[in-house]
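Peer 1: Below is one structure. I have some questions about it.
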Amino acid sequence: MNMISRVETEETSRAGLAKRFRRLPFWQRAGVIALPIALVVGSTGIAFKGAPAAPAAPPPPVVTVAAPLVRDINEWDDYVGRFEASRAVEVRPRVAGAITGVHFTDGAVVRKGQLLFTIDPRPFTAALAEARAGLASAESDLALARADLGRAERLVAVDAVSRSDLERLQARVRAATAAVAAGQARVRSRALDVEFTQVRAPISGRISDRRVDPGNLVAAGEGQGGSLLTTINALDPIYFTFDGSEALFLKTKRAREAGAAASPVEIRLQDEADYKWKGRLDFTDNGLDPRSGTIRGRAVLSNPGLFLTPGMFGNMRLSAGGTTRALMVPDAAIQTDQARKLVLTVGADGTVAPKPVELGPVVDGLRIIRSGLIPQDKVVIAGTQMAMPGAKVQPKPGRIAPDASAQQPTFTAPVTGEATFAR
């Protein structure tokens with residue numbers, strides 16, 4: 001009931017308002033209608049007036065460009081190997097006996113012919129005296145046989161000696177001569193035994209430690225049958241042996257067939273940054289290992305200070321040809337597009353254009369470009385992240401220069417395991 005009354009009241013009020021609006025003059029009714037329209041139009045104008053204008057196009061990004069650096073270079077192939085003695089000898093005795101003296105310092109450098117060990121010579125001196133006595137007896141028998149033969153030859157002319165007796169005396173002289181020769185050989189053999197009691201260095205080089213102390217008995221013999229006394233390694237010159245792949249072997253063979261000169265080698269040690277050791281390739285094996293597909297090679301180096309030691313590890317580079325002219329760009333300027341390597345270049349109109357390139361090794365922070373660039377190209381060397389292919393850029397001239405410190409490896413000495421305060 002109340003709701004119906006409220007609705008009737010609202011309708012009655014609306015009807016009253018409509019009657020009063022119709023009673024107003026025309027100009028007042030027009031004003032009431034125009035005022036809301038004016039407010040809407042005004043607010044719309046203010047809204048459009050406050051909106052910002054469309055932004056202008058940004059300027060092209062600035063990138064640094066430079067022509068590729070043109071330099072003469074030498075290309076090298078890298079190998080890994082170890083040093084070996086140019087000659088190595090296992091010192092073993094040639095006669096058996098007791099060691100009575102050691103005449104070298106362990107690890108010293110010895111000369112060829114230097115006395116190293118002494119074996120008790122007394123048994124061999126006695127054997128030499130016996131051989132000399134036997135030789136003297138044989139010489140005496142020979143002298144008697146020759147005298148008898150001389151007398152018989154004088155008597156045979158008067159038929160005082162038969163022909164058979166003469167031939168018997170001649171045979172006796174020949175036997176005595178042979179006995180003298182045998183005696184002389186025994187003397188020389190026993191003299192050698194006495195000489196072999198002094199074990200001398202067969203080559204010059206660095207000697208190892210003694211394996212036998214004085215007072216021990218040693219056995220003579222070949223190979224493992226003889227007692228090992230020590231070893232000697234010849235270190236000047238010294239060898240560097242390495243294994244090369246079949247591809248590098250073929251590359252070297254092709255270069256030699258084309259008339260290339262003998263390739264020099266350069267080696268650096270584990271704690272060195274430069275290839276300071278120079279040598280030459282002097283041996284290549286006569287076949288490749290079918291299991292690994294590699295071939296063994298050897299270089300020879302001068303080692304006057306005996307610093308290089310057998311077993312030492314080294315990195316070797318072998319010249320891959322003569323001096324060639326190459327184009328070089330910073331290694332940071334190389335871009336990767338899936339399997340391709342690209343370099344961004346800027347044309348005369350400022351448009352960025354990528355160029356596929358074939359890369360070579362890095363030298364002092366600069367990458368060698370084997371193909372894909374010409375010396376007149378303008379390569380983007382800085383700001384590559386803002387240079388989009390096909391977009392416009394504002395090029396700024398730059399300069400490409402090698403950085404010798406960019407390729408230098410850093411080596412540190414082994415960390416000391418323990419330290420104490422000085423007293």
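Residue numbers start at 1 in each chain; chains themselves are named A, B, ... in the order of the structure tokens; ligands are numbered from 1 in the order shown.
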Identify, on the basis of only C-alpha atoms, every residue whose closest approach to Thr100 in chain A does not exceed 7 Å; exclude the query and any residue fewer than 4 positions from it along the same chain; express the result as a PyMOL selection string.

Peer 2: chain A and resi 118-120+214-215

Peer 1: With DSSP run on the backbone, what are the helix (DSSP H, G or I) residues within range 172-384 of chain A? I'd like them as a PDB file with N, CA and C atoms, in the first residue's frame.

Peer 2:
```
ATOM      1  N   ARG A 172     154.651 -77.705 -38.106  1.00  0.00           N
ATOM      2  CA  ARG A 172     154.883 -77.297 -36.717  1.00  0.00           C
ATOM      3  C   ARG A 172     155.040 -75.781 -36.611  1.00  0.00           C
ATOM      4  N   VAL A 173     155.705 -75.158 -37.576  1.00  0.00           N
ATOM      5  CA  VAL A 173     155.867 -73.698 -37.574  1.00  0.00           C
ATOM      6  C   VAL A 173     154.503 -73.016 -37.740  1.00  0.00           C
ATOM      7  N   ARG A 174     153.696 -73.551 -38.642  1.00  0.00           N
ATOM      8  CA  ARG A 174     152.368 -72.944 -38.842  1.00  0.00           C
ATOM      9  C   ARG A 174     151.505 -73.073 -37.577  1.00  0.00           C
ATOM     10  N   ALA A 175     151.569 -74.215 -36.899  1.00  0.00           N
ATOM     11  CA  ALA A 175     150.801 -74.390 -35.661  1.00  0.00           C
ATOM     12  C   ALA A 175     151.288 -73.436 -34.573  1.00  0.00           C
ATOM     13  N   ALA A 176     152.600 -73.286 -34.475  1.00  0.00           N
ATOM     14  CA  ALA A 176     153.138 -72.364 -33.473  1.00  0.00           C
ATOM     15  C   ALA A 176     152.741 -70.922 -33.785  1.00  0.00           C
ATOM     16  N   THR A 177     152.709 -70.586 -35.080  1.00  0.00           N
ATOM     17  CA  THR A 177     152.278 -69.236 -35.467  1.00  0.00           C
ATOM     18  C   THR A 177     150.817 -68.999 -35.066  1.00  0.00           C
ATOM     19  N   ALA A 178     149.978 -70.016 -35.289  1.00  0.00           N
ATOM     20  CA  ALA A 178     148.579 -69.892 -34.898  1.00  0.00           C
ATOM     21  C   ALA A 178     148.446 -69.783 -33.387  1.00  0.00           C
ATOM     22  N   ALA A 179     149.258 -70.530 -32.639  1.00  0.00           N
ATOM     23  CA  ALA A 179     149.193 -70.454 -31.185  1.00  0.00           C
ATOM     24  C   ALA A 179     149.585 -69.057 -30.695  1.00  0.00           C
ATOM     25  N   VAL A 180     150.546 -68.447 -31.347  1.00  0.00           N
ATOM     26  CA  VAL A 180     150.929 -67.080 -30.982  1.00  0.00           C
ATOM     27  C   VAL A 180     149.787 -66.110 -31.248  1.00  0.00           C
ATOM     28  N   ALA A 181     149.133 -66.255 -32.403  1.00  0.00           N
ATOM     29  CA  ALA A 181     147.998 -65.382 -32.709  1.00  0.00           C
ATOM     30  C   ALA A 181     146.888 -65.556 -31.689  1.00  0.00           C
ATOM     31  N   ALA A 182     146.616 -66.805 -31.282  1.00  0.00           N
ATOM     32  CA  ALA A 182     145.587 -67.036 -30.257  1.00  0.00           C
ATOM     33  C   ALA A 182     145.993 -66.417 -28.931  1.00  0.00           C
ATOM     34  N   GLY A 183     147.263 -66.535 -28.591  1.00  0.00           N
ATOM     35  CA  GLY A 183     147.737 -65.927 -27.351  1.00  0.00           C
ATOM     36  C   GLY A 183     147.593 -64.407 -27.374  1.00  0.00           C
ATOM     37  N   GLN A 184     147.890 -63.813 -28.513  1.00  0.00           N
ATOM     38  CA  GLN A 184     147.734 -62.362 -28.635  1.00  0.00           C
ATOM     39  C   GLN A 184     146.255 -61.938 -28.491  1.00  0.00           C
ATOM     40  N   ALA A 185     145.345 -62.731 -29.065  1.00  0.00           N
ATOM     41  CA  ALA A 185     143.920 -62.420 -28.940  1.00  0.00           C
ATOM     42  C   ALA A 185     143.472 -62.521 -27.490  1.00  0.00           C
ATOM     43  N   ARG A 186     143.984 -63.578 -26.754  1.00  0.00           N
ATOM     44  CA  ARG A 186     143.615 -63.686 -25.345  1.00  0.00           C
ATOM     45  C   ARG A 186     144.150 -62.507 -24.542  1.00  0.00           C
ATOM     46  N   VAL A 187     145.304 -62.039 -24.865  1.00  0.00           N
ATOM     47  CA  VAL A 187     145.855 -60.879 -24.160  1.00  0.00           C
ATOM     48  C   VAL A 187     144.979 -59.646 -24.409  1.00  0.00           C
ATOM     49  N   ARG A 188     144.606 -59.448 -25.673  1.00  0.00           N
ATOM     50  CA  ARG A 188     143.751 -58.284 -25.968  1.00  0.00           C
ATOM     51  C   ARG A 188     142.409 -58.394 -25.254  1.00  0.00           C
ATOM     52  N   SER A 189     141.825 -59.607 -25.205  1.00  0.00           N
ATOM     53  CA  SER A 189     140.543 -59.796 -24.535  1.00  0.00           C
ATOM     54  C   SER A 189     140.662 -59.508 -23.046  1.00  0.00           C
ATOM     55  N   ARG A 190     141.722 -60.043 -22.421  1.00  0.00           N
ATOM     56  CA  ARG A 190     141.899 -59.792 -20.982  1.00  0.00           C
ATOM     57  C   ARG A 190     142.211 -58.324 -20.718  1.00  0.00           C
ATOM     58  N   ALA A 191     142.893 -57.679 -21.642  1.00  0.00           N
ATOM     59  CA  ALA A 191     143.160 -56.250 -21.480  1.00  0.00           C
ATOM     60  C   ALA A 191     141.868 -55.438 -21.555  1.00  0.00           C
ATOM     61  N   LEU A 192     140.960 -55.853 -22.453  1.00  0.00           N
ATOM     62  CA  LEU A 192     139.647 -55.184 -22.525  1.00  0.00           C
ATOM     63  C   LEU A 192     138.872 -55.364 -21.228  1.00  0.00           C
ATOM     64  N   ASP A 193     138.930 -56.565 -20.655  1.00  0.00           N
ATOM     65  CA  ASP A 193     138.230 -56.791 -19.390  1.00  0.00           C
ATOM     66  C   ASP A 193     138.758 -55.854 -18.315  1.00  0.00           C
ATOM     67  N   VAL A 194     140.067 -55.693 -18.284  1.00  0.00           N
ATOM     68  CA  VAL A 194     140.640 -54.758 -17.308  1.00  0.00           C
ATOM     69  C   VAL A 194     140.172 -53.333 -17.595  1.00  0.00           C
ATOM     70  N   GLU A 195     140.107 -52.964 -18.885  1.00  0.00           N
ATOM     71  CA  GLU A 195     139.625 -51.619 -19.249  1.00  0.00           C
ATOM     72  C   GLU A 195     138.160 -51.441 -18.878  1.00  0.00           C
ATOM     73  N   PHE A 196     137.365 -52.520 -19.019  1.00  0.00           N
ATOM     74  CA  PHE A 196     135.937 -52.419 -18.712  1.00  0.00           C
ATOM     75  C   PHE A 196     135.662 -52.311 -17.218  1.00  0.00           C
ATOM     76  N   GLY A 223     121.150 -56.065 -22.431  1.00  0.00           N
ATOM     77  CA  GLY A 223     119.768 -55.757 -22.103  1.00  0.00           C
ATOM     78  C   GLY A 223     119.507 -55.902 -20.620  1.00  0.00           C
ATOM     79  N   GLN A 224     118.390 -56.568 -20.302  1.00  0.00           N
ATOM     80  CA  GLN A 224     117.999 -56.722 -18.913  1.00  0.00           C
ATOM     81  C   GLN A 224     118.874 -57.702 -18.154  1.00  0.00           C
ATOM     82  N   GLY A 225     119.756 -58.406 -18.862  1.00  0.00           N
ATOM     83  CA  GLY A 225     120.631 -59.350 -18.184  1.00  0.00           C
ATOM     84  C   GLY A 225     121.715 -58.683 -17.376  1.00  0.00           C
ATOM     85  N   GLU A 246      95.518 -36.168 -39.355  1.00  0.00           N
ATOM     86  CA  GLU A 246      95.687 -36.454 -40.783  1.00  0.00           C
ATOM     87  C   GLU A 246      95.454 -35.209 -41.624  1.00  0.00           C
ATOM     88  N   ALA A 247      94.499 -34.350 -41.203  1.00  0.00           N
ATOM     89  CA  ALA A 247      94.219 -33.125 -41.958  1.00  0.00           C
ATOM     90  C   ALA A 247      95.436 -32.197 -41.974  1.00  0.00           C
ATOM     91  N   LEU A 248      96.084 -32.034 -40.809  1.00  0.00           N
ATOM     92  CA  LEU A 248      97.266 -31.172 -40.758  1.00  0.00           C
ATOM     93  C   LEU A 248      98.435 -31.797 -41.516  1.00  0.00           C
ATOM     94  N   PHE A 249      98.539 -33.123 -41.468  1.00  0.00           N
ATOM     95  CA  PHE A 249      99.591 -33.792 -42.223  1.00  0.00           C
ATOM     96  C   PHE A 249      99.410 -33.570 -43.723  1.00  0.00           C
ATOM     97  N   LEU A 250      98.176 -33.706 -44.206  1.00  0.00           N
ATOM     98  CA  LEU A 250      97.912 -33.467 -45.628  1.00  0.00           C
ATOM     99  C   LEU A 250      98.185 -32.015 -45.997  1.00  0.00           C
ATOM    100  N   LYS A 251      97.832 -31.105 -45.113  1.00  0.00           N
ATOM    101  CA  LYS A 251      98.072 -29.685 -45.373  1.00  0.00           C
ATOM    102  C   LYS A 251      99.559 -29.407 -45.537  1.00  0.00           C
ATOM    103  N   THR A 252     100.381 -29.997 -44.670  1.00  0.00           N
ATOM    104  CA  THR A 252     101.825 -29.812 -44.755  1.00  0.00           C
ATOM    105  C   THR A 252     102.385 -30.450 -46.026  1.00  0.00           C
ATOM    106  N   LYS A 253     101.899 -31.636 -46.383  1.00  0.00           N
ATOM    107  CA  LYS A 253     102.367 -32.306 -47.597  1.00  0.00           C
ATOM    108  C   LYS A 253     102.022 -31.495 -48.848  1.00  0.00           C
ATOM    109  N   ARG A 254     100.807 -30.948 -48.889  1.00  0.00           N
ATOM    110  CA  ARG A 254     100.422 -30.127 -50.041  1.00  0.00           C
ATOM    111  C   ARG A 254     101.305 -28.901 -50.150  1.00  0.00           C
ATOM    112  N   ALA A 255     101.606 -28.281 -49.017  1.00  0.00           N
ATOM    113  CA  ALA A 255     102.455 -27.090 -49.046  1.00  0.00           C
ATOM    114  C   ALA A 255     103.845 -27.425 -49.549  1.00  0.00           C
ATOM    115  N   ARG A 256     104.388 -28.567 -49.149  1.00  0.00           N
ATOM    116  CA  ARG A 256     105.729 -28.950 -49.609  1.00  0.00           C
ATOM    117  C   ARG A 256     105.719 -29.264 -51.102  1.00  0.00           C
ATOM    118  N   GLU A 257     104.659 -29.914 -51.572  1.00  0.00           N
ATOM    119  CA  GLU A 257     104.579 -30.198 -52.998  1.00  0.00           C
ATOM    120  C   GLU A 257     104.468 -28.923 -53.816  1.00  0.00           C
ATOM    121  N   ASP A 331      87.400  -9.040 -32.719  1.00  0.00           N
ATOM    122  CA  ASP A 331      86.645 -10.278 -32.537  1.00  0.00           C
ATOM    123  C   ASP A 331      85.250 -10.006 -32.001  1.00  0.00           C
ATOM    124  N   ALA A 332      85.065  -8.894 -31.277  1.00  0.00           N
ATOM    125  CA  ALA A 332      83.739  -8.553 -30.752  1.00  0.00           C
ATOM    126  C   ALA A 332      82.773  -8.121 -31.843  1.00  0.00           C
ATOM    127  N   ALA A 333      83.297  -7.782 -33.029  1.00  0.00           N
ATOM    128  CA  ALA A 333      82.422  -7.348 -34.120  1.00  0.00           C
ATOM    129  C   ALA A 333      81.801  -8.517 -34.874  1.00  0.00           C
ATOM    130  N   THR A 384      77.047  -2.421 -32.037  1.00  0.00           N
ATOM    131  CA  THR A 384      76.407  -3.442 -32.869  1.00  0.00           C
ATOM    132  C   THR A 384      75.018  -3.805 -32.350  1.00  0.00           C
TER     133      THR A 384
END
```

Peer 1: So what do you get for CA of Leu229 in chain A versus CA of Glu90 in chain A, distance-wise?

Peer 2: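 Separation between CA of Leu229 in chain A and CA of Glu90 in chain A: 7.6 Å.
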